[in-house]
$ cat input.tsv   # TSV, N, CA and C atoms
chain	number	residue	atom	x	y	z
I	1	MET	N	17.00	55.13	104.38
I	1	MET	CA	16.02	54.73	105.37
I	1	MET	C	16.15	53.22	105.60
I	2	THR	N	15.98	52.86	106.81
I	2	THR	CA	16.05	51.44	107.11
I	2	THR	C	14.69	50.78	106.88
I	3	THR	N	14.70	49.50	106.81
I	3	THR	CA	13.47	48.74	106.58
I	3	THR	C	12.47	48.97	107.71
I	4	GLY	N	12.98	49.07	108.95
I	4	GLY	CA	12.10	49.29	110.10
I	4	GLY	C	11.34	50.60	110.00
I	5	VAL	N	12.01	51.65	109.58
I	5	VAL	CA	11.38	52.97	109.44
I	5	VAL	C	10.32	52.93	108.34
I	6	ILE	N	10.64	52.29	107.25
I	6	ILE	CA	9.69	52.18	106.14
I	6	ILE	C	8.45	51.41	106.59
I	7	LEU	N	8.64	50.33	107.33
I	7	LEU	CA	7.51	49.55	107.82
I	7	LEU	C	6.66	50.36	108.80
I	8	GLN	N	7.30	51.17	109.62
I	8	GLN	CA	6.56	52.01	110.56
I	8	GLN	C	5.73	53.06	109.82
I	9	ILE	N	6.29	53.65	108.79
I	9	ILE	CA	5.56	54.64	108.00
I	9	ILE	C	4.37	53.98	107.31
I	10	GLN	N	4.57	52.79	106.76
I	10	GLN	CA	3.47	52.07	106.12
I	10	GLN	C	2.37	51.71	107.12
I	11	ALA	N	2.78	51.34	108.32
I	11	ALA	CA	1.80	51.03	109.37
I	11	ALA	C	0.99	52.26	109.74
I	12	CYS	N	1.64	53.42	109.80
I	12	CYS	CA	0.92	54.67	110.09
I	12	CYS	C	-0.09	54.98	109.00
I	13	PHE	N	0.30	54.81	107.76
I	13	PHE	CA	-0.64	55.04	106.65
I	13	PHE	C	-1.82	54.08	106.74
I	14	ALA	N	-1.55	52.82	107.04
I	14	ALA	CA	-2.62	51.82	107.14
I	14	ALA	C	-3.58	52.16	108.28
I	15	LEU	N	-3.04	52.59	109.41
I	15	LEU	CA	-3.90	52.97	110.54
I	15	LEU	C	-4.74	54.19	110.21
I	16	PHE	N	-4.15	55.16	109.54
I	16	PHE	CA	-4.89	56.36	109.15
I	16	PHE	C	-6.02	56.00	108.19
I	17	ALA	N	-5.72	55.15	107.21
I	17	ALA	CA	-6.75	54.75	106.24
I	17	ALA	C	-7.87	53.98	106.92
I	18	THR	N	-7.54	53.13	107.87
I	18	THR	CA	-8.56	52.38	108.60
I	18	THR	C	-9.43	53.32	109.41
I	19	GLY	N	-8.82	54.29	110.05
I	19	GLY	CA	-9.59	55.27	110.82
I	19	GLY	C	-10.52	56.08	109.94
I	20	ALA	N	-10.05	56.47	108.77
I	20	ALA	CA	-10.89	57.23	107.84
I	20	ALA	C	-12.06	56.38	107.36
I	21	LEU	N	-11.81	55.10	107.10
I	21	LEU	CA	-12.87	54.20	106.65
I	21	LEU	C	-13.94	54.03	107.73
I	22	VAL	N	-13.52	53.80	108.95
I	22	VAL	CA	-14.46	53.63	110.05
I	22	VAL	C	-15.24	54.92	110.29
I	23	ASN	N	-14.58	56.05	110.19
I	23	ASN	CA	-15.27	57.32	110.37
I	23	ASN	C	-16.33	57.51	109.28
I	24	GLY	N	-16.03	57.08	108.07
I	24	GLY	CA	-17.01	57.15	106.99
I	24	GLY	C	-18.23	56.28	107.28
I	25	TRP	N	-18.00	55.09	107.80
I	25	TRP	CA	-19.13	54.22	108.17
I	25	TRP	C	-19.99	54.88	109.24
I	26	ARG	N	-19.32	55.48	110.23
I	26	ARG	CA	-20.04	56.12	111.33
I	26	ARG	C	-20.89	57.28	110.83
I	27	MET	N	-20.32	58.07	109.94
I	27	MET	CA	-21.06	59.22	109.40
I	27	MET	C	-22.23	58.75	108.53
I	28	SER	N	-22.04	57.68	107.78
I	28	SER	CA	-23.13	57.13	106.98
I	28	SER	C	-24.29	56.69	107.87
I	29	ALA	N	-23.97	56.05	108.97
I	29	ALA	CA	-25.01	55.61	109.90
I	29	ALA	C	-25.74	56.82	110.49
I	30	GLN	N	-25.01	57.88	110.78
I	30	GLN	CA	-25.61	59.08	111.34
I	30	GLN	C	-26.56	59.72	110.32
I	31	VAL	N	-26.18	59.73	109.05
I	31	VAL	CA	-27.04	60.29	107.99
I	31	VAL	C	-28.32	59.46	107.87
I	32	VAL	N	-28.18	58.14	107.93
I	32	VAL	CA	-29.36	57.28	107.83
I	32	VAL	C	-30.32	57.54	108.99
I	33	ARG	N	-29.78	57.69	110.20
I	33	ARG	CA	-30.64	57.98	111.36
I	33	ARG	C	-31.34	59.31	111.19
I	34	SER	N	-30.63	60.32	110.71
I	34	SER	CA	-31.23	61.64	110.51
I	34	SER	C	-32.34	61.58	109.47
I	35	GLU	N	-32.11	60.85	108.37
I	35	GLU	CA	-33.13	60.72	107.34
I	35	GLU	C	-34.36	59.99	107.87
I	36	ALA	N	-34.15	58.98	108.69
I	36	ALA	CA	-35.27	58.23	109.27
I	36	ALA	C	-36.07	59.12	110.21
I	37	GLU	N	-35.39	59.93	111.02
I	37	GLU	CA	-36.09	60.84	111.93
I	37	GLU	C	-36.90	61.87	111.14
I	38	GLN	N	-36.34	62.37	110.06
I	38	GLN	CA	-37.04	63.35	109.24
I	38	GLN	C	-38.26	62.71	108.59
I	39	ALA	N	-38.12	61.50	108.09
I	39	ALA	CA	-39.24	60.81	107.46
I	39	ALA	C	-40.35	60.55	108.48
I	40	GLN	N	-39.98	60.19	109.69
I	40	GLN	CA	-40.98	59.95	110.74
I	40	GLN	C	-41.70	61.25	111.07
I	41	GLY	N	-40.97	62.34	111.15
I	41	GLY	CA	-41.59	63.64	111.42
I	41	GLY	C	-42.54	64.05	110.32
I	42	THR	N	-42.18	63.79	109.07
I	42	THR	CA	-43.05	64.10	107.94
I	42	THR	C	-44.31	63.26	107.99
I	43	ALA	N	-44.18	61.98	108.30
I	43	ALA	CA	-45.34	61.09	108.39
I	43	ALA	C	-46.27	61.53	109.52
I	44	THR	N	-45.70	61.91	110.65
I	44	THR	CA	-46.51	62.37	111.78
I	44	THR	C	-47.24	63.65	111.41
I	45	SER	N	-46.57	64.54	110.74
I	45	SER	CA	-47.17	65.80	110.30
I	45	SER	C	-48.31	65.55	109.33
I	46	ALA	N	-48.10	64.66	108.38
I	46	ALA	CA	-49.14	64.35	107.40
I	46	ALA	C	-50.35	63.73	108.08
I	47	GLU	N	-50.13	62.88	109.05
I	47	GLU	CA	-51.23	62.25	109.79
I	47	GLU	C	-52.02	63.31	110.56
I	48	ALA	N	-51.33	64.26	111.14
I	48	ALA	CA	-52.01	65.33	111.87
I	48	ALA	C	-52.87	66.16	110.93
I	49	VAL	N	-52.37	66.43	109.74
I	49	VAL	CA	-53.14	67.21	108.76
I	49	VAL	C	-54.38	66.43	108.33
I	50	ARG	N	-54.22	65.12	108.10
I	50	ARG	CA	-55.37	64.30	107.71
I	50	ARG	C	-56.43	64.28	108.81
I	51	THR	N	-56.00	64.15	110.04
I	51	THR	CA	-56.93	64.15	111.17
I	51	THR	C	-57.66	65.48	111.25
I	52	ASP	N	-56.94	66.58	111.07
I	52	ASP	CA	-57.55	67.90	111.11
I	52	ASP	C	-58.57	68.07	109.98
I	53	GLU	N	-58.23	67.59	108.79
I	53	GLU	CA	-59.17	67.68	107.66
I	53	GLU	C	-60.43	66.87	107.94
I	54	THR	N	-60.25	65.71	108.53
I	54	THR	CA	-61.41	64.87	108.86
I	54	THR	C	-62.29	65.56	109.88
I	55	GLN	N	-61.68	66.13	110.88
I	55	GLN	CA	-62.45	66.82	111.92
I	55	GLN	C	-63.16	68.04	111.36
I	56	THR	N	-62.51	68.74	110.45
I	56	THR	CA	-63.11	69.92	109.84
I	56	THR	C	-64.28	69.52	108.94
I	57	ALA	N	-64.13	68.40	108.22
I	57	ALA	CA	-65.19	67.94	107.33
I	57	ALA	C	-66.42	67.48	108.11
I	58	ILE	N	-66.22	66.95	109.30
I	58	ILE	CA	-67.33	66.48	110.12
I	58	ILE	C	-68.17	67.66	110.63
I	59	LYS	N	-67.54	68.78	110.90
I	59	LYS	CA	-68.24	69.96	111.45
I	59	LYS	C	-69.11	70.54	110.47
$ encode --input "input.tsv" --output "structure tokens"
Amino acid sequence: MTTGVILQIQACFALFATGALVNGWRMSAQVVRSEAEQAQGTATSAEAVRTDETQTAIK
């Protein structure tokens, strides 16, 4: 194999590794957004239950 071919193969590996790294960052950000949305939904649900309990206690 010539030096040029070896360098091209190494460049392909480097590009693949960079793409995998960036994809990992993107997926991590997506997981964080999903967890935040779920936490917000849980908080909203809990607030609705508290409001309902308050209204029921007043009656």
$ atom_distance --input "input.tsv" --atom1 "CA of Ser28 (chain I)" --atom2 "CA of Ala11 (chain I)"
25.8 Å
$ atom_distance --input "input.tsv" --atom1 "CA of Ile6 (chain I)" --atom2 "CA of Ala20 (chain I)"
21.3 Å
$ atom_distance --input "input.tsv" --atom1 "atom C of Ala57 (chain I)" --atom2 "atom N of Ser45 (chain I)"
20.2 Å
